[in-house]
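Shown below: my_file-v5.txt, with compact mmCIF, C-alpha atoms.
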```txt
# COMPACT_ATOMS: atom_id res chain seq x y z
CA MET A 1 24.73 90.15 37.21
CA SER A 2 25.79 86.50 37.17
CA GLU A 3 27.24 84.72 40.18
CA ALA A 4 30.44 84.39 38.17
CA MET A 5 30.70 88.16 37.95
CA LYS A 6 29.85 88.59 41.61
CA ASN A 7 32.52 86.13 42.68
CA PRO A 8 35.35 85.77 40.17
CA LEU A 9 37.50 84.40 43.01
CA ARG A 10 35.53 81.13 43.11
CA TYR A 11 37.77 78.11 43.59
CA GLU A 12 38.90 76.47 40.39
CA PRO A 13 41.54 73.75 40.93
CA ASP A 14 44.36 73.41 38.43
CA TYR A 15 43.83 69.68 38.16
CA ALA A 16 41.01 67.29 37.22
CA LEU A 17 40.08 64.43 39.54
CA ALA A 18 38.79 61.45 37.55
CA PRO A 19 35.80 59.61 39.03
CA GLY A 20 37.82 56.45 38.47
CA GLU A 21 39.93 57.38 41.51
CA THR A 22 36.82 57.28 43.70
CA LEU A 23 35.87 54.00 42.09
CA ALA A 24 39.33 52.54 42.77
CA GLU A 25 39.08 53.54 46.45
CA ARG A 26 35.64 51.91 46.69
CA LEU A 27 36.98 48.72 45.14
CA ASP A 28 39.67 48.59 47.84
CA GLU A 29 36.98 48.96 50.50
CA LEU A 30 35.03 46.10 48.90
CA ASP A 31 38.15 43.92 48.45
CA MET A 32 37.28 43.76 44.77
CA ASP A 33 39.68 43.98 41.84
CA GLN A 34 39.03 45.40 38.36
CA ARG A 35 38.52 41.95 36.87
CA GLU A 36 35.74 41.08 39.28
CA LEU A 37 34.14 44.50 38.76
CA ALA A 38 34.15 43.91 35.02
CA ILE A 39 32.33 40.61 35.52
CA ARG A 40 29.74 42.15 37.85
CA LEU A 41 29.16 45.03 35.42
CA ARG A 42 29.12 42.77 32.37
CA MET A 43 31.82 44.94 30.81
CA SER A 44 35.27 44.19 29.41
CA ALA A 45 38.27 44.45 31.72
CA LYS A 46 39.80 46.95 29.27
CA CYS A 47 36.76 49.20 29.47
CA VAL A 48 36.79 49.11 33.28
CA ASN A 49 40.50 49.95 33.32
CA GLN A 50 39.99 52.92 30.98
CA MET A 51 37.08 54.11 33.12
CA ILE A 52 39.20 54.00 36.27
CA ARG A 53 42.03 55.88 34.52
CA GLY A 54 39.61 58.55 33.29
CA LYS A 55 40.10 57.62 29.66
CA ALA A 56 36.54 56.35 29.18
CA PRO A 57 33.48 58.18 30.56
CA ILE A 58 31.04 56.82 33.09
CA THR A 59 27.76 56.87 31.21
CA HIS A 60 24.37 57.20 32.85
CA GLU A 61 23.75 53.51 32.17
CA THR A 62 27.07 52.56 33.76
CA ALA A 63 26.32 54.81 36.76
CA ILE A 64 23.15 52.79 37.44
CA LYS A 65 25.12 49.55 37.27
CA LEU A 66 27.81 50.98 39.57
CA GLU A 67 25.11 51.91 42.08
CA ARG A 68 24.06 48.25 42.27
CA VAL A 69 27.61 46.94 42.52
CA THR A 70 29.22 49.55 44.80
CA GLY A 71 26.27 50.88 46.78
CA ILE A 72 27.09 54.45 45.78
CA PRO A 73 24.06 56.19 44.21
CA SER A 74 24.11 56.71 40.46
CA HIS A 75 23.73 60.48 40.80
CA VAL A 76 27.05 60.59 42.66
CA TRP A 77 28.82 58.86 39.76
CA ASN A 78 27.07 61.14 37.27
CA ASN A 79 28.13 64.24 39.20
CA LEU A 80 31.72 63.03 39.53
CA GLU A 81 31.85 62.38 35.78
CA MET A 82 30.30 65.75 34.93
CA ASN A 83 32.70 67.62 37.23
CA TYR A 84 35.66 65.73 35.81
CA ARG A 85 34.80 66.52 32.19
CA SER A 86 34.10 70.14 33.10
CA ALA A 87 37.48 70.40 34.85
CA LEU A 88 39.24 68.88 31.85
CA ALA A 89 37.54 71.35 29.54
CA ARG A 90 38.52 74.26 31.79
CA LEU A 91 42.16 73.12 31.89
CA GLU A 92 42.19 72.92 28.10
CA ASP A 93 40.62 76.36 27.92
CA HIS A 94 43.35 77.74 30.21
CA LYS A 95 45.95 76.37 27.82
CA ARG A 96 44.33 78.21 24.92
CA LEU A 97 43.98 81.44 26.89
CA GLY A 98 46.88 83.45 28.17
CA VAL A 99 48.94 83.77 24.99
CA ASP A 100 50.95 86.96 24.56
CA ALA A 101 48.19 88.61 22.53
CA ASP A 102 45.77 88.08 25.41
CA TRP A 103 48.04 89.84 27.88
CA GLU A 104 48.63 92.75 25.51
CA TRP A 105 44.88 93.12 25.02
CA LEU A 106 44.26 92.92 28.76
CA LYS A 107 46.56 95.91 29.26
CA THR A 108 44.15 98.04 27.20
CA ILE A 109 41.21 97.32 29.53
CA PRO A 110 40.85 99.59 32.60
CA THR A 111 40.76 96.67 35.01
CA LYS A 112 41.76 98.74 38.05
CA GLU A 113 38.78 101.00 37.41
CA LEU A 114 36.45 98.00 37.17
CA ILE A 115 37.78 96.64 40.45
CA ALA A 116 37.46 100.06 42.09
CA ARG A 117 33.83 100.20 40.95
CA HIS A 118 33.24 96.73 42.43
CA VAL A 119 32.30 95.25 39.08
CA PHE A 120 34.37 92.27 40.18
CA GLU A 121 36.77 91.57 43.01
CA GLU A 122 40.49 91.69 42.42
CA PRO A 123 41.62 88.22 41.29
CA SER A 124 44.70 86.61 42.77
CA ASP A 125 46.54 86.27 39.45
CA ARG A 126 46.38 87.51 35.88
CA ASN A 127 44.64 84.35 34.65
CA GLY A 128 41.82 85.12 37.05
CA LEU A 129 41.84 88.72 35.87
CA LEU A 130 41.60 87.65 32.24
CA ASN A 131 38.64 85.40 33.04
CA ALA A 132 36.91 88.15 35.03
CA VAL A 133 37.28 90.61 32.13
CA LEU A 134 35.99 88.09 29.59
CA GLU A 135 32.97 87.41 31.81
CA PHE A 136 32.39 91.14 32.22
CA PHE A 137 32.20 91.57 28.45
CA GLY A 138 30.22 88.34 28.07
CA VAL A 139 32.60 86.78 25.55
CA ALA A 140 34.39 83.45 25.39
CA ASN A 141 37.86 84.79 24.59
CA ARG A 142 39.81 87.74 23.20
CA GLN A 143 39.01 86.78 19.63
CA ALA A 144 35.31 86.86 20.44
CA TRP A 145 35.73 90.31 22.01
CA GLU A 146 37.36 91.52 18.81
CA ALA A 147 34.52 90.04 16.78
CA VAL A 148 31.93 91.87 18.90
CA TRP A 149 33.68 95.23 19.08
CA ASN A 150 35.80 95.33 15.92
CA GLU A 151 34.30 93.03 13.32
CA ASN A 152 30.51 92.96 13.62
CA ARG A 153 27.88 95.32 12.24
CA ALA A 154 28.52 97.88 14.96
CA ALA A 155 32.24 98.11 14.20
CA ALA A 156 31.80 100.73 11.49
CA ALA A 157 29.83 102.87 13.90
CA TRP A 158 32.35 102.40 16.71
CA ARG A 159 35.17 103.37 14.39
CA LYS A 160 33.53 106.70 13.58
CA SER A 161 34.19 107.59 17.18
CA VAL A 162 37.55 109.23 17.80
CA CYS A 163 37.75 107.92 21.35
CA PHE A 164 36.87 104.36 20.30
CA ASP A 165 39.36 104.39 17.47
CA SER A 166 42.17 105.63 19.72
CA HIS A 167 41.12 103.96 23.00
CA PRO A 168 38.90 100.96 22.19
CA GLY A 169 39.46 99.28 25.56
CA PRO A 170 38.22 102.10 27.83
CA THR A 171 35.42 103.04 25.42
CA ALA A 172 34.17 99.47 25.09
CA THR A 173 34.34 99.16 28.88
CA TRP A 174 32.23 102.28 29.40
CA LEU A 175 29.70 101.15 26.82
CA ARG A 176 29.55 97.66 28.34
CA LEU A 177 28.86 99.11 31.78
CA GLY A 178 25.90 100.87 30.22
CA GLU A 179 24.66 97.65 28.62
CA LEU A 180 24.78 95.79 31.91
CA GLN A 181 23.01 98.57 33.76
CA ALA A 182 20.34 98.71 31.06
CA GLN A 183 19.66 94.99 31.48
CA GLY A 184 18.24 95.77 34.91
CA ILE A 185 15.75 98.32 33.53
CA ARG A 186 12.45 96.86 32.43
CA CYS A 187 11.14 98.82 29.47
CA GLU A 188 7.90 98.87 27.58
CA PRO A 189 8.29 98.30 23.82
CA PHE A 190 9.57 101.48 22.18
CA ASP A 191 6.84 103.93 21.27
CA LYS A 192 7.93 107.11 19.49
CA VAL A 193 4.83 109.06 20.51
CA LYS A 194 5.29 108.09 24.16
CA PHE A 195 8.97 109.05 24.00
CA VAL A 196 8.12 112.48 22.61
CA ASP A 197 5.62 112.91 25.43
CA ALA A 198 8.24 111.76 27.93
CA LEU A 199 10.70 114.36 26.66
CA ALA A 200 8.14 117.09 27.26
CA GLU A 201 7.71 115.94 30.85
CA ILE A 202 11.46 115.62 31.35
CA ARG A 203 12.05 119.16 30.11
CA LYS A 204 9.88 120.36 32.98
CA LEU A 205 12.30 118.67 35.39
CA THR A 206 15.37 120.69 34.38
CA ALA A 207 14.92 123.12 37.27
CA ALA A 208 14.46 120.31 39.81
CA GLY A 209 17.23 118.75 41.85
CA PRO A 210 19.03 115.62 40.61
CA GLU A 211 17.54 113.52 43.39
CA VAL A 212 14.16 114.33 41.80
CA PHE A 213 14.85 114.36 38.07
CA GLY A 214 17.21 111.35 37.98
CA PRO A 215 14.74 108.61 39.02
CA LYS A 216 11.86 110.32 37.20
CA MET A 217 13.80 110.50 33.93
CA ILE A 218 14.60 106.81 34.12
CA GLU A 219 10.94 105.98 34.79
CA LEU A 220 9.55 108.13 31.99
CA CYS A 221 12.07 106.84 29.45
CA ALA A 222 11.45 103.20 30.41
CA GLN A 223 7.71 103.66 29.86
CA ALA A 224 8.52 104.75 26.31
CA GLY A 225 10.96 101.93 25.57
CA VAL A 226 14.25 103.70 26.32
CA ALA A 227 16.69 102.57 29.01
CA LEU A 228 18.41 105.62 30.48
CA VAL A 229 21.61 104.93 32.39
CA PHE A 230 24.18 107.13 34.10
CA VAL A 231 27.73 105.73 33.95
CA PRO A 232 30.66 107.82 35.22
CA GLU A 233 33.31 108.44 32.60
CA ILE A 234 36.39 106.26 32.37
CA LYS A 235 39.86 107.62 31.71
CA GLY A 236 40.60 107.23 28.01
CA CYS A 237 36.93 107.51 27.06
CA PRO A 238 35.96 111.20 26.98
CA ALA A 239 32.42 110.51 25.80
CA SER A 240 29.65 112.62 27.26
CA GLY A 241 26.90 110.36 26.00
CA ALA A 242 25.91 107.54 23.69
CA ALA A 243 22.73 106.38 22.01
CA ARG A 244 21.99 103.04 20.38
CA TRP A 245 19.45 100.26 20.08
CA LEU A 246 19.86 97.14 22.20
CA THR A 247 16.95 95.45 20.42
CA PRO A 248 14.43 96.71 17.86
CA GLU A 249 12.12 97.47 20.81
CA LYS A 250 14.60 98.81 23.37
CA ALA A 251 16.83 101.85 22.97
CA LEU A 252 19.65 102.94 25.25
CA ILE A 253 20.73 106.45 26.24
CA GLN A 254 23.93 106.52 28.26
CA LEU A 255 25.29 109.65 29.96
CA SER A 256 28.65 110.14 31.68
CA LEU A 257 28.17 113.49 33.45
CA ARG A 258 31.57 114.37 32.03
CA TYR A 259 31.25 118.14 32.35
CA LYS A 260 29.42 118.03 35.70
CA SER A 261 27.16 121.03 35.08
CA ASP A 262 23.45 121.05 34.41
CA ASP A 263 23.64 122.84 31.06
CA HIS A 264 25.93 120.18 29.60
CA PHE A 265 23.94 117.38 31.20
CA TRP A 266 20.62 118.47 29.74
CA PHE A 267 22.06 119.25 26.33
CA SER A 268 23.70 115.80 26.23
CA PHE A 269 20.46 114.07 27.18
CA PHE A 270 18.34 115.81 24.56
CA HIS A 271 21.12 115.38 22.00
CA GLU A 272 21.02 111.60 22.53
CA ALA A 273 17.23 111.70 22.50
CA GLY A 274 17.48 113.34 19.09
CA HIS A 275 19.55 110.42 17.85
CA ILE A 276 16.94 107.94 19.10
CA LEU A 277 14.11 109.85 17.42
CA HIS A 278 15.72 110.62 14.09
CA ASP A 279 18.51 108.14 13.33
CA PRO A 280 18.07 104.62 11.89
CA LYS A 281 17.87 101.87 14.49
CA LYS A 282 21.14 100.38 13.24
CA SER A 283 23.05 103.58 13.93
CA ILE A 284 25.20 104.20 17.00
CA SER A 285 26.15 107.55 18.48
CA ILE A 286 29.10 108.21 20.79
CA ASP A 287 29.33 111.89 21.55
CA GLU A 288 32.72 113.26 22.47
CA PRO A 289 34.92 116.35 22.11
CA ASN A 290 36.33 117.26 18.71
CA GLN A 291 33.83 115.24 16.69
CA ASP A 292 33.88 115.75 12.95
CA GLY A 293 30.28 117.04 13.08
CA GLY A 294 28.52 114.88 10.54
CA GLU A 295 24.96 115.47 9.42
CA ARG A 296 23.44 113.30 12.17
CA GLU A 297 25.45 115.05 14.87
CA MET A 298 24.44 118.47 13.65
CA LYS A 299 20.81 117.38 13.50
CA ALA A 300 20.99 116.05 17.07
CA ASN A 301 22.66 119.27 18.22
CA ARG A 302 19.93 121.35 16.63
CA PHE A 303 17.22 119.18 18.15
CA ALA A 304 18.69 119.59 21.66
CA ALA A 305 19.24 123.34 21.28
CA ASP A 306 15.74 123.99 19.90
CA TYR A 307 14.05 121.73 22.43
CA LEU A 308 15.65 123.45 25.40
CA ILE A 309 15.26 126.98 24.03
CA PRO A 310 12.62 127.14 21.28
CA PRO A 311 13.67 129.06 18.14
CA ALA A 312 10.89 131.58 18.76
CA GLU A 313 12.62 132.57 21.99
CA VAL A 314 16.17 132.88 20.64
CA ALA A 315 15.77 136.55 19.72
CA SER A 316 15.07 137.33 23.36
CA LEU A 317 18.49 136.02 24.38
CA ARG A 318 20.22 139.20 23.20
CA GLN A 319 18.24 141.19 25.75
CA LEU A 320 19.53 139.24 28.76
CA ARG A 321 22.06 141.30 30.68
CA THR A 322 21.71 140.46 34.36
CA VAL A 323 21.12 137.53 36.70
CA ALA A 324 17.55 138.73 37.13
CA ASP A 325 17.04 138.83 33.35
CA ILE A 326 18.34 135.30 32.90
CA THR A 327 16.39 133.90 35.84
CA ALA A 328 13.13 135.48 34.69
CA PHE A 329 13.61 134.28 31.11
CA ALA A 330 14.41 130.74 32.26
CA ARG A 331 11.34 130.69 34.47
CA ARG A 332 9.14 131.93 31.63
CA ILE A 333 10.21 129.26 29.15
CA GLY A 334 10.32 126.56 31.84
CA VAL A 335 14.01 125.53 32.03
CA ALA A 336 16.84 125.83 34.53
CA PRO A 337 18.79 129.14 34.45
CA GLY A 338 22.02 127.23 33.86
CA ILE A 339 20.70 126.05 30.50
CA VAL A 340 20.17 129.63 29.43
CA VAL A 341 23.67 130.58 30.59
CA GLY A 342 25.14 127.68 28.64
CA ARG A 343 23.34 128.78 25.48
CA LEU A 344 24.47 132.39 25.91
CA GLN A 345 28.07 131.23 26.34
CA HIS A 346 27.87 128.87 23.37
CA ASP A 347 26.47 131.58 21.11
CA GLY A 348 29.20 134.01 22.20
CA ARG A 349 26.76 136.47 23.75
CA ILE A 350 28.61 136.31 27.06
CA ARG A 351 32.06 135.04 28.08
CA ARG A 352 32.66 131.54 29.36
CA PHE A 353 33.20 132.69 32.94
CA GLN A 354 30.12 134.88 33.17
CA PHE A 355 27.07 133.87 35.22
CA ASN A 356 28.47 130.43 35.97
CA ASN A 357 27.02 130.76 39.45
CA LEU A 358 23.62 130.11 37.86
CA LYS A 359 24.74 126.69 36.70
CA VAL A 360 24.18 123.70 38.97
CA LYS A 361 27.11 121.37 39.56
CA LEU A 362 26.04 117.75 39.44
CA VAL A 363 27.71 114.93 41.37
CA TRP A 364 27.11 111.21 41.17
CA LYS A 365 25.97 110.91 44.77
CA THR A 366 23.02 113.23 44.26
CA LEU A 367 22.21 111.82 40.83
CA LYS A 368 22.24 108.31 42.31
CA ALA A 369 24.06 106.96 39.28
CA GLY A 370 25.61 103.52 39.12
```

Take the structure from the file and write it as C-alpha cells.
Amino acid sequence: MSEAMKNPLRYEPDYALAPGETLAERLDELDMDQRELAIRLRMSAKCVNQMIRGKAPITHETAIKLERVTGIPSHVWNNLEMNYRSALARLEDHKRLGVDADWEWLKTIPTKELIARHVFEEPSDRNGLLNAVLEFFGVANRQAWEAVWNENRAAAAWRKSVCFDSHPGPTATWLRLGELQAQGIRCEPFDKVKFVDALAEIRKLTAAGPEVFGPKMIELCAQAGVALVFVPEIKGCPASGAARWLTPEKALIQLSLRYKSDDHFWFSFFHEAGHILHDPKKSISIDEPNQDGGEREMKANRFAADYLIPPAEVASLRQLRTVADITAFARRIGVAPGIVVGRLQHDGRIRRFQFNNLKVKLVWKTLKAG
C-alpha cells in the first residue's frame, strides 16, 4: 500500500509559499534590490518582479543563474519552485473537491469500518477523509469513482448484483479491499489445467483446520494464476463471495466467510472456482442471498455441489441417519462431515438444526484473513 494510504494525516498546508519570498529575503541579506538582480541575471525588471511575486516560474536555467548570483544552490530553487507549484495545484484541487455531491457520496462509503480495519487513520476533518477515501479507491475524484464503478465495462456486471445496486458504496468497498489484498499475491499466469489440479488438492484439505487449509489454498491458487483473498463482510454488502479477472492472466476469488461455517465456506469457494473455470473472462460474479439464479449461477452451484459430493455418491445420502453414518461417508469420499450435513440440509433430507455439531465454525483469527 502506498505511503499516502499508510499516512493520510501527512501535513498539507492550506497555503502556497512562493519561492520568490525566499529570494526576496536573500536579496535583503545581500543588500540588493530587484533592479540590480535583474541586471545580474540579464533579465527584465518586470520578469524578476513577477518571479518574486510567484506569478512567473523559476526555470531550471534561471535556477542556475540564481545560484551564481545568490550563492544558493540551483537544486534548492528548483525544489522550492516544484513545491510551490504542487501546493498551488493541491489548493486548486481542494476547491474543486468538497462540493455537496462529494459529501453525499462520502456518506455512502463505510469509512468508520475502513478506519476500524486500519486501512487508513482517522483524518482530522472531512476534507482529509474525502482524500483518504479517494486514495483508497485509487481514483482522482468522485466522478472518476463513478466512472470506474458505474460507467465502465464492469458496470453492467455490478448492476446485476442486488447488493451492489442497492448498496454500491459498501459493495465497492468490499470489492476494493479484495483488489488491494490481491495486489500483494504474486501469481503465475493463469493455467486452467493447473487450477483444476489445485482444486483437487484443495478438496483434500476440507477436513483440515483453517490454520492449515487457509495458507495452502492461497499458495495452490497462486501457482495456477488465481489470487485467493479472504475479506470479512461489510455491513450493507451481504456477499459471500466474488469472482472476476484482474488481468487476462490473473483471476481473483474473494470470500467473506459470511455464514461462518465450513459447509458454506467450501461451497462458496468451489462456486467461485466454477465461475473462473466456466465463465468468460469479462464476466463478474458477486454471490449473495436472494440472487435471481441465472444460468451462470446455476452452473456454478452445480459445479460446487458435484465437486464436493460427486453425483455417483448422491444416492448414498438417503441412507445417512446417524452421526456415525455421516462421519463414515464423509471420510470415504474425502470431505469434511460438515459439508455432508450442509448438503443433507439443503436437499431437505434432514432439518436445518440437525447434526449442526458436525459443522466447523470458522473465525477470522484462525483463518488468518486480512

Kindly assemble as a Markdown table a list of the segment 265-338 of chain A residues that lie within 12 Å of segment 171-188 of chain A, each paired with its nearest atom pair and their distance in Å to one decimal, using only C-alpha atoms, sorted first by chain and then by ascending residue number.
```
| residue | atom | partner | partner_atom | distance |
| --- | --- | --- | --- | --- |
| A:Ile284 | CA | A:Leu175 | CA | 11.2 |
| A:Ser285 | CA | A:Leu175 | CA | 11.1 |
| A:Ile286 | CA | A:Leu175 | CA | 9.3 |
| A:Asp287 | CA | A:Thr171 | CA | 11.4 |
| A:Glu288 | CA | A:Thr171 | CA | 11.0 |
```

Residue nearest Lys112 of chain A among A:Pro73, A:Gly209, A:Pro170, A:Pro57 (counting all atoms listed in the file):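 Smallest distance to Lys112 of chain A is found for A:Pro170.
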
Practice task
Fewer than 5 positions away in the same chain doesn't count, so skip those; otherwise give me all residues within 9 Å of Glu233 of chain A, counting only C-alpha atoms, as a PyMOL selection string.
Solution key: chain A and resi 174+238-240+255-258

Quick one: of A:Glu272, A:His94, A:Cys221, A:Gln50, who's nearest to Asp191 of chain A, counting all atoms listed in the file?
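Among A:Glu272, A:His94, A:Cys221, A:Gln50, it is A:Cys221 that comes nearest to Asp191 of chain A.
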
* Rank nothing, just name the residue among A:Trp105, A:Ala18, A:Ser44, A:Glu29 nearest to Ser86 of chain A, using all atoms listed in the file. =>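 Among the listed residues, A:Ala18 lies closest to Ser86 of chain A.
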
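A search radius of 12 Å centred on (12.6, 129.1, 34.8), applied to all atoms listed in the file, returns the residues Arg203, Lys204, Leu205, Thr206, Ala207, Ala208, Leu308, Ile309, Ala324, Asp325, Ile326, Thr327, Ala328, Phe329, Ala330, Arg331, Arg332, Ile333, Gly334, Val335, Ala336, Pro337, Gly338, Ile339, Val340, Val341 and Leu358 of chain A.
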
Problem set entry | Residue among A:Asp93, A:Glu211, A:Asp347, A:Asp306 lying closest to Trp364 of chain A, counting all atoms listed in the file |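 Among the listed residues, the smallest separation from Trp364 of chain A belongs to A:Glu211.
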
Margin query: So, with all atoms listed in the file as the atoms that count, which of A:Gly138, A:Asp262, A:Arg117, A:Glu249 lies closest to Val231 of chain A?
Written below: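 Counting all atoms listed in the file, the residue closest to Val231 of chain A is A:Arg117.
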
Q) So how far away is atom CA of Gly241 of chain A from atom CA of Ala227 of chain A, in Å? A)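 According to the coordinates, atom CA of Ala227 of chain A and atom CA of Gly241 of chain A are separated by 13.2 Å.
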
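Put simply, atom CA of Lys65 of chain A is 10.4 Å away from atom CA of Met43 of chain A.
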
* Distance criterion (all atoms listed in the file): nearest to Phe270 of chain A out of A:Leu97, A:Ala147, A:Val323, A:Leu228 ->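 Smallest separation from Phe270 of chain A among the options: A:Leu228.
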
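Only residues having an atom at most 12 Å from (46.2, 93.5, 31.1) are included; using all atoms listed in the file, these are Gly98, Val99, Asp100, Ala101, Asp102, Trp103, Glu104, Trp105, Leu106, Lys107, Thr108, Ile109, Pro110, Thr111, Lys112, Asp125, Arg126, Asn127, Gly128, Leu129, Leu130, Asn131, Ala132, Val133, Leu134, Arg142 and Gly169 of chain A.
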
- Mind giving me the straight-line distance from atom CA of Val76 of chain A to atom CA of Asp31 of chain A in Å, one decimal?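 Atom CA of Asp31 of chain A lies 20.8 Å from atom CA of Val76 of chain A.
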
Reconstructed N, CA and C atoms for segment 247-262 of chain A, given as an mmCIF file, in the coordinates of the input:
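Written output follows (result_33.cif):
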```cif
data_model
loop_
_atom_site.group_PDB
_atom_site.id
_atom_site.type_symbol
_atom_site.label_atom_id
_atom_site.label_comp_id
_atom_site.auth_asym_id
_atom_site.auth_seq_id
_atom_site.Cartn_x
_atom_site.Cartn_y
_atom_site.Cartn_z
ATOM 1 N N THR A 247 17.820 96.321 21.213
ATOM 2 C CA THR A 247 16.950 95.450 20.420
ATOM 3 C C THR A 247 16.069 96.376 19.591
ATOM 4 N N PRO A 248 15.325 95.838 18.630
ATOM 5 C CA PRO A 248 14.430 96.710 17.860
ATOM 6 C C PRO A 248 13.374 97.392 18.728
ATOM 7 N N GLU A 249 13.152 96.903 19.948
ATOM 8 C CA GLU A 249 12.120 97.470 20.810
ATOM 9 C C GLU A 249 12.678 98.164 22.046
ATOM 10 N N LYS A 250 14.011 98.207 22.173
ATOM 11 C CA LYS A 250 14.600 98.810 23.370
ATOM 12 C C LYS A 250 15.822 99.634 22.995
ATOM 13 N N ALA A 251 15.713 100.943 23.240
ATOM 14 C CA ALA A 251 16.830 101.850 22.970
ATOM 15 C C ALA A 251 17.594 102.127 24.262
ATOM 16 N N LEU A 252 18.806 102.620 24.101
ATOM 17 C CA LEU A 252 19.650 102.940 25.250
ATOM 18 C C LEU A 252 20.226 104.344 25.099
ATOM 19 N N ILE A 253 20.045 105.162 26.131
ATOM 20 C CA ILE A 253 20.730 106.450 26.240
ATOM 21 C C ILE A 253 21.649 106.355 27.443
ATOM 22 N N GLN A 254 22.920 106.639 27.221
ATOM 23 C CA GLN A 254 23.930 106.520 28.260
ATOM 24 C C GLN A 254 24.642 107.856 28.435
ATOM 25 N N LEU A 255 24.676 108.364 29.671
ATOM 26 C CA LEU A 255 25.290 109.650 29.960
ATOM 27 C C LEU A 255 26.403 109.488 30.983
ATOM 28 N N SER A 256 27.470 110.281 30.814
ATOM 29 C CA SER A 256 28.650 110.140 31.680
ATOM 30 C C SER A 256 28.801 111.254 32.698
ATOM 31 N N LEU A 257 28.025 112.317 32.578
ATOM 32 C CA LEU A 257 28.170 113.490 33.450
ATOM 33 C C LEU A 257 29.588 114.036 33.384
ATOM 34 N N ARG A 258 30.163 114.010 32.185
ATOM 35 C CA ARG A 258 31.570 114.370 32.030
ATOM 36 C C ARG A 258 31.852 115.807 32.436
ATOM 37 N N TYR A 259 30.969 116.733 32.089
ATOM 38 C CA TYR A 259 31.250 118.140 32.350
ATOM 39 C C TYR A 259 30.687 118.624 33.689
ATOM 40 N N LYS A 260 29.856 117.795 34.324
ATOM 41 C CA LYS A 260 29.420 118.030 35.700
ATOM 42 C C LYS A 260 28.648 119.334 35.917
ATOM 43 N N SER A 261 28.014 119.853 34.903
ATOM 44 C CA SER A 261 27.160 121.030 35.080
ATOM 45 C C SER A 261 25.833 120.764 34.383
ATOM 46 N N ASP A 262 24.777 121.398 34.903
ATOM 47 C CA ASP A 262 23.450 121.050 34.410
ATOM 48 C C ASP A 262 23.225 121.410 32.955
#
```
